[in-house]
Amino acid sequence: MAGRDILSEMRSQANLSDTNRRLNRWEQGCTHSLEYLRLSRLLNNKLEECKALQSLGDVYLSRGKQEALCFKDTQPGCYPPEVADSLTLSLVPFEESVTLARQLSANQLLGRALGNLGYACYLLGRFGEALVYQQERVSVAVQEGDKVVLNVSHTNLANSSIYTGDTERALEHYRQSVTLSADL
């Protein structure tokens with residue numbers, strides 16, 4: 001019998017998690033993300049651990065976003081507990097992913113985790129935190145020269161700025177987004 005290929009198994013778990021998430025099969029997605037995370041830690045593969053944490057956060061965030069669609073007229077931060085709980089569950093894996101990505105100097109993973117954290121905080125009505133994460137996301141996008149992400153980040157900053165009452169700042173970010181859109 002051949003030896004176990006844990007690396008391939010880990011990547012298969014990642015694919016299963018992502019596919020189940022896209023199919024709105026939250027429990028299965030979570031189960032596969034947790035197994036992906038367990039295997040990455042078994043191999044002491046910090047890069048894959050960072051990705052597995054993002055995978056787990058993605059499942060919870062996607063579930064929260066899907067549940068939020070049932071409450072279309074609800075403002076961010078005013079969702080019922082079942083939606084807020086899903087969104088809140090996404091925070092810890094994303095925060096842990098940010099920590100690992102910084103340790104690994106993995107800017108793409110860092111930016112992605114920061115963007116997801118900012119979006120989750122925005123949906124939870126934690127606009128001050130959302131602004132911090134989104135501003136850091138802008139910094140990473142500038143370092144990476146990623147104009148598409150920079151454009152989205154400015155829009156997210158504008159949206160959060162509106163809810164903090166800083167409409168001038170929101171307008172500034174929307175203008176930057178328009179300028180970037182013209183260059184894409």
# chains A, B, ... in the order shown; residues from 1 in each chain; ligands from 1
$ residues_around --residues "A:Thr19" --least-positions-apart "5" --cutoff "12 Å" --atoms "only C-alpha atoms" --output "tab-separated table (two decimals) with N, CA and C atoms, in the first residue's frame"
chain	number	residue	atom	x	y	z
A	12	SER	N	-7.27	18.75	-1.71
A	12	SER	CA	-8.61	18.25	-2.04
A	12	SER	C	-9.64	18.77	-1.04
A	13	GLN	N	-9.26	18.82	0.23
A	13	GLN	CA	-10.16	19.37	1.24
A	13	GLN	C	-10.46	20.84	0.94
A	14	ALA	N	-9.45	21.58	0.51
A	14	ALA	CA	-9.64	22.99	0.15
A	14	ALA	C	-10.64	23.11	-0.99
A	24	ASN	N	-23.67	26.81	-1.26
A	24	ASN	CA	-24.40	27.17	-0.03
A	24	ASN	C	-24.59	25.97	0.90
A	25	ARG	N	-23.67	25.06	0.86
A	25	ARG	CA	-23.68	23.91	1.77
A	25	ARG	C	-22.70	24.23	2.90
A	26	TRP	N	-23.19	25.02	3.86
A	26	TRP	CA	-22.32	25.62	4.87
A	26	TRP	C	-21.67	24.59	5.78
A	28	GLN	N	-21.00	21.39	5.28
A	28	GLN	CA	-19.98	20.63	4.56
A	28	GLN	C	-18.76	21.50	4.29
A	29	GLY	N	-19.00	22.74	3.89
A	29	GLY	CA	-17.89	23.66	3.64
A	29	GLY	C	-17.05	23.86	4.88
A	30	CYS	N	-17.71	24.03	6.01
A	30	CYS	CA	-17.00	24.21	7.28
A	30	CYS	C	-16.21	22.96	7.65
A	32	HIS	N	-14.95	20.66	5.70
A	32	HIS	CA	-13.78	20.51	4.83
A	32	HIS	C	-12.73	21.58	5.13
A	33	SER	N	-13.16	22.79	5.47
A	33	SER	CA	-12.20	23.84	5.84
A	33	SER	C	-11.45	23.45	7.11
A	55	SER	N	-10.18	30.09	4.14
A	55	SER	CA	-11.26	29.23	3.64
A	55	SER	C	-12.37	29.11	4.68
A	58	ASP	N	-14.16	32.37	4.93
A	58	ASP	CA	-15.00	32.55	3.73
A	58	ASP	C	-16.34	31.83	3.86
A	59	VAL	N	-16.32	30.63	4.44
A	59	VAL	CA	-17.57	29.87	4.60
A	59	VAL	C	-18.53	30.66	5.49
$ select_by_dssp --residues "chain A" --states "alpha helix (DSSP H)" --output "PyMOL selection string"
chain A and resi 6-22+26-42+46-68+81-104+107-123+127-144+147-164+167-183
$ residues_around --residues "stretch 109-114 of chain A" --least-positions-apart "6" --cutoff "12 Å" --atoms "only C-alpha atoms" --output "number ranges by chain"
A: 46-58, 61, 90-103, 120-121, 129-146, 149-150, 152-153, 156
$ residues_around --residues "A:Lys65" --least-positions-apart "3" --cutoff "10 Å" --atoms "only C-alpha atoms" --output "ChimeraX atom specification"
/A:59-62,68-70,83-84,86-87,120,123
$ atom_distance --atom1 "atom CA of A:Glu82" --atom2 "atom CA of A:Phe127"
19.9 Å
$ closest_atom_pairs --of "stretch 17-98 of chain A" --to "stretch 7-11 of chain A" --cutoff "9 Å" --atoms "only C-alpha atoms" --output "Markdown table"
| residue | atom | partner | partner_atom | distance |
| --- | --- | --- | --- | --- |
| A:Glu35 | CA | A:Met10 | CA | 7.6 |
| A:Tyr36 | CA | A:Met10 | CA | 5.1 |
| A:Leu37 | CA | A:Met10 | CA | 8.1 |
| A:Arg38 | CA | A:Met10 | CA | 8.7 |
| A:Leu39 | CA | A:Met10 | CA | 5.9 |
| A:Ser40 | CA | A:Met10 | CA | 6.8 |
| A:Leu43 | CA | A:Leu7 | CA | 8.0 |
| A:Glu48 | CA | A:Met10 | CA | 8.6 |
$ residues_around --residues "A:Pro81" --least-positions-apart "6" --cutoff "12 Å" --atoms "only C-alpha atoms" --output "list in words"
Gly64, Glu67, Ala68, Leu87, Thr88, Leu89 and Leu124 of chain A
$ residues_around --residues "stretch 179-181 of chain A" --least-positions-apart "6" --cutoff "8 Å" --atoms "only C-alpha atoms" --output "PyMOL selection string"
chain A and resi 147-148+150-151
$ atom_distance --atom1 "atom CA of A:Phe71" --atom2 "atom CA of A:Leu117"
21.1 Å
$ decode --residues "stretch 9-39 of chain A" --atoms "N, CA, C and O atoms" --output "short mmCIF file (atom, residue, chain, number, x, y, z; two decimals), in the first residue's frame"
data_model
loop_
_atom_site.label_atom_id
_atom_site.label_comp_id
_atom_site.auth_asym_id
_atom_site.auth_seq_id
_atom_site.Cartn_x
_atom_site.Cartn_y
_atom_site.Cartn_z
N GLU A 9 -4.22 15.46 -0.19
CA GLU A 9 -5.46 15.36 0.58
C GLU A 9 -5.87 16.75 1.09
O GLU A 9 -7.05 17.12 1.03
N MET A 10 -4.88 17.51 1.55
CA MET A 10 -5.14 18.86 2.05
C MET A 10 -5.73 19.73 0.94
O MET A 10 -6.71 20.45 1.15
N ARG A 11 -5.15 19.68 -0.22
CA ARG A 11 -5.63 20.49 -1.34
C ARG A 11 -7.01 20.05 -1.80
O ARG A 11 -7.84 20.87 -2.20
N SER A 12 -7.27 18.75 -1.71
CA SER A 12 -8.61 18.25 -2.04
C SER A 12 -9.64 18.77 -1.04
O SER A 12 -10.76 19.13 -1.43
N GLN A 13 -9.26 18.82 0.23
CA GLN A 13 -10.16 19.37 1.24
C GLN A 13 -10.46 20.84 0.94
O GLN A 13 -11.59 21.30 1.10
N ALA A 14 -9.45 21.58 0.51
CA ALA A 14 -9.64 22.99 0.15
C ALA A 14 -10.64 23.11 -0.99
O ALA A 14 -11.54 23.96 -0.95
N ASN A 15 -10.50 22.28 -2.00
CA ASN A 15 -11.42 22.31 -3.14
C ASN A 15 -12.84 21.93 -2.73
O ASN A 15 -13.81 22.54 -3.18
N LEU A 16 -12.96 20.92 -1.88
CA LEU A 16 -14.28 20.52 -1.40
C LEU A 16 -14.93 21.64 -0.58
O LEU A 16 -16.13 21.89 -0.70
N SER A 17 -14.15 22.30 0.24
CA SER A 17 -14.68 23.40 1.03
C SER A 17 -15.19 24.52 0.12
O SER A 17 -16.31 25.01 0.29
N ASP A 18 -14.37 24.90 -0.84
CA ASP A 18 -14.74 25.99 -1.74
C ASP A 18 -15.99 25.64 -2.55
O ASP A 18 -16.90 26.46 -2.69
N THR A 19 -16.04 24.43 -3.05
CA THR A 19 -17.20 24.00 -3.85
C THR A 19 -18.47 23.99 -3.01
O THR A 19 -19.52 24.50 -3.43
N ASN A 20 -18.39 23.42 -1.81
CA ASN A 20 -19.57 23.39 -0.94
C ASN A 20 -20.00 24.80 -0.54
O ASN A 20 -21.19 25.08 -0.45
N ARG A 21 -19.04 25.68 -0.31
CA ARG A 21 -19.37 27.08 0.02
C ARG A 21 -20.15 27.71 -1.14
O ARG A 21 -21.16 28.35 -0.94
N ARG A 22 -19.67 27.49 -2.35
CA ARG A 22 -20.33 28.07 -3.52
C ARG A 22 -21.74 27.49 -3.74
O ARG A 22 -22.59 28.14 -4.34
N LEU A 23 -21.95 26.29 -3.24
CA LEU A 23 -23.26 25.64 -3.35
C LEU A 23 -24.14 25.92 -2.13
O LEU A 23 -25.22 25.34 -2.00
N ASN A 24 -23.67 26.81 -1.26
CA ASN A 24 -24.40 27.17 -0.03
C ASN A 24 -24.59 25.97 0.90
O ASN A 24 -25.57 25.90 1.64
N ARG A 25 -23.67 25.06 0.86
CA ARG A 25 -23.68 23.91 1.77
C ARG A 25 -22.70 24.23 2.90
O ARG A 25 -21.55 23.79 2.91
N TRP A 26 -23.19 25.02 3.86
CA TRP A 26 -22.32 25.62 4.87
C TRP A 26 -21.67 24.59 5.78
O TRP A 26 -20.47 24.71 6.08
N GLU A 27 -22.43 23.61 6.25
CA GLU A 27 -21.87 22.63 7.18
C GLU A 27 -20.75 21.82 6.52
O GLU A 27 -19.69 21.62 7.11
N GLN A 28 -21.00 21.39 5.28
CA GLN A 28 -19.98 20.63 4.56
C GLN A 28 -18.76 21.50 4.29
O GLN A 28 -17.62 21.05 4.41
N GLY A 29 -19.00 22.74 3.89
CA GLY A 29 -17.89 23.66 3.64
C GLY A 29 -17.05 23.86 4.88
O GLY A 29 -15.81 23.85 4.83
N CYS A 30 -17.71 24.03 6.01
CA CYS A 30 -17.00 24.21 7.28
C CYS A 30 -16.21 22.96 7.65
O CYS A 30 -15.05 23.04 8.05
N THR A 31 -16.83 21.80 7.49
CA THR A 31 -16.15 20.53 7.81
C THR A 31 -14.88 20.38 6.98
O THR A 31 -13.82 20.02 7.52
N HIS A 32 -14.95 20.66 5.70
CA HIS A 32 -13.78 20.51 4.83
C HIS A 32 -12.73 21.58 5.13
O HIS A 32 -11.52 21.31 5.07
N SER A 33 -13.16 22.79 5.47
CA SER A 33 -12.20 23.84 5.84
C SER A 33 -11.45 23.45 7.11
O SER A 33 -10.24 23.67 7.21
N LEU A 34 -12.18 22.91 8.07
CA LEU A 34 -11.54 22.49 9.33
C LEU A 34 -10.55 21.35 9.10
O LEU A 34 -9.49 21.31 9.73
N GLU A 35 -10.90 20.45 8.20
CA GLU A 35 -9.97 19.35 7.89
C GLU A 35 -8.75 19.88 7.14
O GLU A 35 -7.62 19.46 7.38
N TYR A 36 -8.96 20.81 6.24
CA TYR A 36 -7.86 21.49 5.53
C TYR A 36 -6.94 22.15 6.55
O TYR A 36 -5.71 22.01 6.49
N LEU A 37 -7.51 22.82 7.52
CA LEU A 37 -6.73 23.48 8.55
C LEU A 37 -5.97 22.46 9.39
O LEU A 37 -4.77 22.64 9.67
N ARG A 38 -6.63 21.38 9.77
CA ARG A 38 -5.97 20.34 10.57
C ARG A 38 -4.78 19.74 9.83
O ARG A 38 -3.69 19.58 10.40
N LEU A 39 -4.97 19.44 8.55
CA LEU A 39 -3.89 18.85 7.77
C LEU A 39 -2.73 19.83 7.56
O LEU A 39 -1.56 19.44 7.61
#
